[in-house]
Amino acid sequence: MVETQPEPTRCGYVALIGAPNSGKSTLLNRLIGHKLAIVTPKAQTTRNRLLGIAIESATQIIYVDTPGIFAPRRRLDRAMVTAAWSGAADADENLLLVDAARGIDEDTRRLLGALRERGRRSILALNKIDLVRRDRLLGLAAALSREGRFDPIFMISGLQGDGVEDVKHHLAACLPTGPWLFPEDQLSDASERLIAAEVTREQVFLQLHQEIPYASTVETEQWEDRPDGSVRLEQVIYVQRPGQRAIVLGEGGKRIKSIGARARAELERMLDRRVHLFLFVKVRENWVEV
Ligand SMILES: Nc1nc2c(ncn2[C@@H]2O[C@H](COP(=O)(O)OP(=O)(O)OP(=O)(O)O)[C@@H](O)[C@H]2O)c(=O)[nH]1
Ligand SMILES: [Mg+2]
């Protein structure tokens with residue numbers, strides 16, 4: 001009789017790093033198979049580290065979505081860059097995303113320099129391949145190989161899913177053996193309250209422009225599970241100045257209604273239950289600088 005040994009479990013952290021807007025949060029959602037992280041066409045959408053946890057055969061893969069790494073100016077920016085680098089330093093593997101349509105821009109160049117200084121090997125994913133021709137991809141992969149230690153190199157579309165399974169299989173095989181660190185059914189370290197606030201912040205990013213998205217934060221202040229199965233949420237959108245409050249409200253409250261309607265629809269989809277959403281806009285000066 002042959003006794004089969006169960007496959008040893010594996011577990012590890014994989015930091016998604018890259019320039020702002022390179023597609024880290026889109027890829028995180030694709031890897032997890034759920035919408036966890038908010039995604040917008042604007043740079044610097046992600047502000048904090050967010051874990052997305054997935055099981056791939058015997059491996060628990062803990063992905064770390066990070067804010068895009070860029071040259072910090074304001075204090076909030078510096079905190080975001082610190083969050084991004086600390087995510088990368090603690091991780092077992094770094095997965096560098098490069099927007100293949102944009103190529104090696106200034107942000108990516110700075111990031112390549114910083115990775116070289118740290119002397120770390122990274123996995124490279126050329127992302128958004130749905131937007132570029134194959135010959136250009138090969139040229140870009142060759143150029144990046146000269147700039148750092150990348151192994152292996154994947155060509156993916158986080159949005160459409162191409163190549164993402166290959167990334168998962170690679171990670172499942174290469175993370176260290178060891179026990180799983182989170183319960184099997186846990187998807188994230190973020191609370192439902194935080195994710196709900198992020199959904200509203202996503203709408204602020206999508207529906208408002210110029211400085212408003214960067215001058216806003218959203219907090220879920222009340223979360224009430226109702227006996228009929230629905231949930232009642234009160235959230236506050238904090239801005240820095242009274243003029244910004246007026247813009248978020250919009251003429252006759254039109255803008256805030258539209259933000260609330262979209263956020264509510266998205267929350268109902270994510271939570272799979274009815275949502276009553278109450279939004280308030282308050283001025284909290286200088287939150288960026290505290
Ligand atoms: N065409 C295409 N667009 C993509 C792909 N991945 C992401 N995007 C788009 O790129 C934009 C930025 O995506 P995000 O996932 O928010 O990028 P990010 O790297 O998390 O950005 P920050 O959090 O701001 O650093 C969004 O408009 C996405 O829809 C892709 O594979 N193909
Ligand atoms: Mg992001």
# chains A, B, ... in the order shown; residues from 1 in each chain; ligands from 1
call {"tool": "residues_around", "arguments": {"residues": "Ile32 (chain A)", "least_positions_apart": "5", "cutoff": "7 Å", "atoms": "only C-alpha atoms", "output": "ChimeraX atom specification"}}
result
/A:52-54
call {"tool": "write_last_selection", "arguments": {"atoms": "C-alpha atoms", "output": "short mmCIF file (atom, residue, chain, number, x, y, z; two decimals), in the first residue's frame"}}
result
data_model
loop_
_atom_site.label_atom_id
_atom_site.label_comp_id
_atom_site.auth_asym_id
_atom_site.auth_seq_id
_atom_site.Cartn_x
_atom_site.Cartn_y
_atom_site.Cartn_z
CA GLY A 52 -6.67 40.66 -0.11
CA ILE A 53 -6.48 36.99 0.83
CA ALA A 54 -6.93 34.07 -1.57
#
call {"tool": "residues_near_ligand", "arguments": {"ligand": "ligand 2", "cutoff": "9 Å", "atoms": "only C-alpha atoms and all ligand atoms", "output": "mmCIF file with C-alpha atoms, in the first residue's frame"}}
result
data_model
loop_
_atom_site.group_PDB
_atom_site.id
_atom_site.type_symbol
_atom_site.label_atom_id
_atom_site.label_comp_id
_atom_site.auth_asym_id
_atom_site.auth_seq_id
_atom_site.Cartn_x
_atom_site.Cartn_y
_atom_site.Cartn_z
ATOM 1 C CA PRO A 20 0.103 55.419 -9.476
ATOM 2 C CA ASN A 21 -2.571 54.203 -11.873
ATOM 3 C CA SER A 22 -0.590 51.137 -13.031
ATOM 4 C CA GLY A 23 -3.556 48.912 -12.149
ATOM 5 C CA LYS A 24 -2.652 47.427 -8.749
ATOM 6 C CA SER A 25 -6.132 47.595 -7.239
ATOM 7 C CA THR A 26 -7.778 46.259 -10.400
ATOM 8 C CA LEU A 28 -6.027 42.731 -6.590
ATOM 9 C CA ALA A 37 -10.289 47.732 -3.575
ATOM 10 C CA ILE A 38 -11.640 50.818 -5.265
ATOM 11 C CA VAL A 39 -10.479 51.640 -8.773
ATOM 12 C CA THR A 40 -10.636 54.931 -10.631
ATOM 13 C CA ALA A 43 -3.830 58.552 -9.863
ATOM 14 C CA GLN A 44 -3.403 58.115 -6.095
ATOM 15 C CA THR A 45 -6.734 56.433 -5.545
ATOM 16 C CA THR A 46 -5.461 53.939 -2.972
ATOM 17 C CA ARG A 47 -4.402 55.577 0.297
ATOM 18 C CA ASP A 65 -2.409 46.440 -2.322
ATOM 19 C CA THR A 66 -0.368 49.579 -1.783
ATOM 20 C CA PRO A 67 -0.705 53.229 -2.737
ATOM 21 C CA GLY A 68 1.177 54.016 -5.933
#
call {"tool": "select_by_dssp", "arguments": {"residues": "region 54-252 of chain A", "states": "helix (DSSP H, G or I)", "output": "ChimeraX atom specification"}}
result
/A:75-90,106-118,129-131,134-147,164-174,192-207,213-215,242-249,251-252
call {"tool": "write_last_selection", "arguments": {"atoms": "C-alpha atoms", "output": "PDB file, in the first residue's frame"}}
result
ATOM      1  CA  ARG A  75       2.466  64.965   4.286  1.00  0.00           C
ATOM      2  CA  LEU A  76      -0.398  62.651   3.263  1.00  0.00           C
ATOM      3  CA  ASP A  77       1.645  61.730   0.198  1.00  0.00           C
ATOM      4  CA  ARG A  78       4.647  60.890   2.335  1.00  0.00           C
ATOM      5  CA  ALA A  79       2.479  58.652   4.523  1.00  0.00           C
ATOM      6  CA  MET A  80       1.156  56.894   1.406  1.00  0.00           C
ATOM      7  CA  VAL A  81       4.641  56.248   0.061  1.00  0.00           C
ATOM      8  CA  THR A  82       5.790  54.972   3.447  1.00  0.00           C
ATOM      9  CA  ALA A  83       2.773  52.634   3.510  1.00  0.00           C
ATOM     10  CA  ALA A  84       3.694  51.400   0.051  1.00  0.00           C
ATOM     11  CA  TRP A  85       7.319  50.699   0.896  1.00  0.00           C
ATOM     12  CA  SER A  86       6.559  49.062   4.207  1.00  0.00           C
ATOM     13  CA  GLY A  87       4.153  46.765   2.354  1.00  0.00           C
ATOM     14  CA  ALA A  88       6.963  45.854   0.002  1.00  0.00           C
ATOM     15  CA  ALA A  89       9.647  45.364   2.648  1.00  0.00           C
ATOM     16  CA  ASP A  90       7.592  42.933   4.738  1.00  0.00           C
ATOM     17  CA  GLU A 106       9.203  59.035 -14.410  1.00  0.00           C
ATOM     18  CA  ASP A 107       7.393  57.317 -11.516  1.00  0.00           C
ATOM     19  CA  THR A 108       8.403  53.875 -12.723  1.00  0.00           C
ATOM     20  CA  ARG A 109      11.991  55.009 -13.287  1.00  0.00           C
ATOM     21  CA  ARG A 110      12.194  56.255  -9.712  1.00  0.00           C
ATOM     22  CA  LEU A 111      10.713  53.000  -8.482  1.00  0.00           C
ATOM     23  CA  LEU A 112      13.231  50.958 -10.480  1.00  0.00           C
ATOM     24  CA  GLY A 113      16.059  52.969  -8.913  1.00  0.00           C
ATOM     25  CA  ALA A 114      14.682  52.395  -5.415  1.00  0.00           C
ATOM     26  CA  LEU A 115      14.301  48.652  -6.047  1.00  0.00           C
ATOM     27  CA  ARG A 116      17.890  48.467  -7.280  1.00  0.00           C
ATOM     28  CA  GLU A 117      19.063  50.196  -4.119  1.00  0.00           C
ATOM     29  CA  ARG A 118      17.206  47.639  -2.045  1.00  0.00           C
ATOM     30  CA  ILE A 129      -1.552  44.396 -22.473  1.00  0.00           C
ATOM     31  CA  ASP A 130      -5.013  44.786 -23.983  1.00  0.00           C
ATOM     32  CA  LEU A 131      -3.900  48.296 -24.928  1.00  0.00           C
ATOM     33  CA  ARG A 134       2.983  42.559 -28.828  1.00  0.00           C
ATOM     34  CA  ASP A 135       6.227  43.811 -30.380  1.00  0.00           C
ATOM     35  CA  ARG A 136       6.133  46.824 -28.127  1.00  0.00           C
ATOM     36  CA  LEU A 137       5.651  44.557 -25.097  1.00  0.00           C
ATOM     37  CA  LEU A 138       8.761  42.551 -25.892  1.00  0.00           C
ATOM     38  CA  GLY A 139      10.801  45.742 -26.247  1.00  0.00           C
ATOM     39  CA  LEU A 140       9.510  47.014 -22.932  1.00  0.00           C
ATOM     40  CA  ALA A 141      10.243  43.700 -21.180  1.00  0.00           C
ATOM     41  CA  ALA A 142      13.814  43.811 -22.517  1.00  0.00           C
ATOM     42  CA  ALA A 143      14.272  47.427 -21.399  1.00  0.00           C
ATOM     43  CA  LEU A 144      12.979  46.636 -17.896  1.00  0.00           C
ATOM     44  CA  SER A 145      15.236  43.571 -17.610  1.00  0.00           C
ATOM     45  CA  ARG A 146      18.220  45.856 -18.038  1.00  0.00           C
ATOM     46  CA  GLU A 147      16.973  48.055 -15.186  1.00  0.00           C
ATOM     47  CA  VAL A 164      -3.636  36.395 -14.244  1.00  0.00           C
ATOM     48  CA  GLU A 165      -4.026  32.621 -13.691  1.00  0.00           C
ATOM     49  CA  ASP A 166      -0.328  32.160 -14.536  1.00  0.00           C
ATOM     50  CA  VAL A 167       0.595  34.697 -11.868  1.00  0.00           C
ATOM     51  CA  LYS A 168      -1.523  32.863  -9.283  1.00  0.00           C
ATOM     52  CA  HIS A 169      -0.046  29.472 -10.146  1.00  0.00           C
ATOM     53  CA  HIS A 170       3.467  30.810  -9.924  1.00  0.00           C
ATOM     54  CA  LEU A 171       2.813  32.358  -6.510  1.00  0.00           C
ATOM     55  CA  ALA A 172       1.083  29.224  -5.223  1.00  0.00           C
ATOM     56  CA  ALA A 173       4.214  27.231  -5.997  1.00  0.00           C
ATOM     57  CA  CYS A 174       6.878  29.657  -4.786  1.00  0.00           C
ATOM     58  CA  GLU A 192     -16.923  46.155   6.206  1.00  0.00           C
ATOM     59  CA  ARG A 193     -17.208  49.721   7.517  1.00  0.00           C
ATOM     60  CA  LEU A 194     -13.955  50.700   5.879  1.00  0.00           C
ATOM     61  CA  ILE A 195     -14.777  49.022   2.581  1.00  0.00           C
ATOM     62  CA  ALA A 196     -18.186  50.726   2.599  1.00  0.00           C
ATOM     63  CA  ALA A 197     -16.480  54.098   3.106  1.00  0.00           C
ATOM     64  CA  GLU A 198     -14.128  53.329   0.247  1.00  0.00           C
ATOM     65  CA  VAL A 199     -17.066  52.660  -2.074  1.00  0.00           C
ATOM     66  CA  THR A 200     -18.335  56.171  -1.422  1.00  0.00           C
ATOM     67  CA  ARG A 201     -14.831  57.608  -1.829  1.00  0.00           C
ATOM     68  CA  GLU A 202     -14.665  55.882  -5.212  1.00  0.00           C
ATOM     69  CA  GLN A 203     -17.731  57.873  -6.281  1.00  0.00           C
ATOM     70  CA  VAL A 204     -16.153  61.079  -4.991  1.00  0.00           C
ATOM     71  CA  PHE A 205     -13.152  60.313  -7.210  1.00  0.00           C
ATOM     72  CA  LEU A 206     -15.303  59.430 -10.206  1.00  0.00           C
ATOM     73  CA  GLN A 207     -17.795  62.281  -9.975  1.00  0.00           C
ATOM     74  CA  PRO A 213     -10.987  63.955  -4.484  1.00  0.00           C
ATOM     75  CA  TYR A 214      -7.614  64.620  -2.891  1.00  0.00           C
ATOM     76  CA  ALA A 215      -9.119  66.941  -0.289  1.00  0.00           C
ATOM     77  CA  PRO A 242     -16.502  75.363   3.027  1.00  0.00           C
ATOM     78  CA  GLY A 243     -16.156  76.006  -0.738  1.00  0.00           C
ATOM     79  CA  GLN A 244     -15.376  72.336  -1.276  1.00  0.00           C
ATOM     80  CA  ARG A 245     -18.393  71.354   0.774  1.00  0.00           C
ATOM     81  CA  ALA A 246     -20.576  73.388  -1.574  1.00  0.00           C
ATOM     82  CA  ILE A 247     -19.093  71.590  -4.596  1.00  0.00           C
ATOM     83  CA  VAL A 248     -19.628  68.140  -3.072  1.00  0.00           C
ATOM     84  CA  LEU A 249     -23.250  69.055  -2.320  1.00  0.00           C
ATOM     85  CA  GLU A 251     -26.577  72.725  -6.950  1.00  0.00           C
ATOM     86  CA  GLY A 252     -29.685  71.921  -4.957  1.00  0.00           C
TER      87      GLY A 252
END
call {"tool": "atom_distance", "arguments": {"atom1": "CA of Ile259 (chain A)", "atom2": "CA of Pro227 (chain A)"}}
result
26.6 Å
call {"tool": "closest_residue", "arguments": {"among": "A:Ser57, A:Ala265, A:Gln222, A:Phe150", "to": "Asn94 (chain A)", "atoms": "only C-alpha atoms"}}
result
A:Phe150
call {"tool": "residues_around", "arguments": {"residues": "Thr59 (chain A)", "least_positions_apart": "3", "cutoff": "8 Å", "atoms": "only C-alpha atoms", "output": "number ranges by chain"}}
result
A: 9-11, 55-56, 172-173, 175, 180
call {"tool": "atom_distance", "arguments": {"atom1": "CA of Gly178 (chain A)", "atom2": "CA of Gln5 (chain A)"}}
result
15.4 Å
call {"tool": "closest_residue", "arguments": {"among": "A:Ala91, A:Thr4, A:Ile156, A:Pro72", "to": "ligand 1", "atoms": "only C-alpha atoms and all ligand atoms"}}
result
A:Ile156
call {"tool": "atom_distance", "arguments": {"atom1": "CA of Ile62 (chain A)", "atom2": "CA of His34 (chain A)"}}
result
14.2 Å
call {"tool": "closest_residue", "arguments": {"among": "A:Asn127, A:Ser122, A:Thr217, A:Asn29", "to": "ligand 1", "atoms": "only C-alpha atoms and all ligand atoms"}}
result
A:Asn127
call {"tool": "closest_residue", "arguments": {"among": "A:Ala125, A:Leu187, A:Val14, A:Leu159", "to": "ligand 1", "atoms": "only C-alpha atoms and all ligand atoms"}}
result
A:Leu159
call {"tool": "closest_residue", "arguments": {"among": "A:Leu277, A:Leu126, A:Val64, A:Ile17", "to": "Leu36 (chain A)", "atoms": "only C-alpha atoms"}}
result
A:Val64
call {"tool": "closest_residue", "arguments": {"among": "A:Val281, A:Ile69, A:Ala100, A:Met270", "to": "Gln235 (chain A)", "atoms": "only C-alpha atoms"}}
result
A:Val281
call {"tool": "residues_around", "arguments": {"residues": "Arg121 (chain A)", "least_positions_apart": "2", "cutoff": "8 Å", "atoms": "only C-alpha atoms", "output": "PyMOL selection string"}}
result
chain A and resi 94+119+123+148-151
call {"tool": "write_last_selection", "arguments": {"atoms": "N, CA, C and O atoms", "output": "PDB file, in the first residue's frame"}}
result
ATOM      1  N   ASN A  94       7.678  40.598  -4.115  1.00  0.00           N
ATOM      2  CA  ASN A  94       7.184  41.867  -4.652  1.00  0.00           C
ATOM      3  C   ASN A  94       6.756  41.650  -6.084  1.00  0.00           C
ATOM      4  O   ASN A  94       7.489  41.053  -6.867  1.00  0.00           O
ATOM      5  N   GLY A 119      18.192  46.147  -3.672  1.00  0.00           N
ATOM      6  CA  GLY A 119      18.828  44.906  -4.124  1.00  0.00           C
ATOM      7  C   GLY A 119      17.909  43.706  -4.165  1.00  0.00           C
ATOM      8  O   GLY A 119      18.348  42.572  -4.054  1.00  0.00           O
ATOM      9  N   ILE A 123       9.029  40.071  -9.007  1.00  0.00           N
ATOM     10  CA  ILE A 123       8.275  39.531 -10.138  1.00  0.00           C
ATOM     11  C   ILE A 123       7.791  40.747 -10.928  1.00  0.00           C
ATOM     12  O   ILE A 123       7.411  41.755 -10.335  1.00  0.00           O
ATOM     13  N   GLY A 148      16.710  46.088 -13.761  1.00  0.00           N
ATOM     14  CA  GLY A 148      16.531  45.473 -12.440  1.00  0.00           C
ATOM     15  C   GLY A 148      16.519  43.959 -12.538  1.00  0.00           C
ATOM     16  O   GLY A 148      16.641  43.397 -13.618  1.00  0.00           O
ATOM     17  N   ARG A 149      16.384  43.318 -11.358  1.00  0.00           N
ATOM     18  CA  ARG A 149      16.352  41.848 -11.311  1.00  0.00           C
ATOM     19  C   ARG A 149      14.903  41.403 -11.309  1.00  0.00           C
ATOM     20  O   ARG A 149      14.233  41.468 -10.272  1.00  0.00           O
ATOM     21  N   PHE A 150      14.429  40.959 -12.453  1.00  0.00           N
ATOM     22  CA  PHE A 150      13.026  40.548 -12.556  1.00  0.00           C
ATOM     23  C   PHE A 150      12.934  39.092 -12.988  1.00  0.00           C
ATOM     24  O   PHE A 150      13.491  38.704 -14.004  1.00  0.00           O
ATOM     25  N   ASP A 151      12.229  38.319 -12.180  1.00  0.00           N
ATOM     26  CA  ASP A 151      12.081  36.911 -12.512  1.00  0.00           C
ATOM     27  C   ASP A 151      10.917  36.340 -11.723  1.00  0.00           C
ATOM     28  O   ASP A 151      10.937  36.396 -10.503  1.00  0.00           O
TER      29      ASP A 151
END
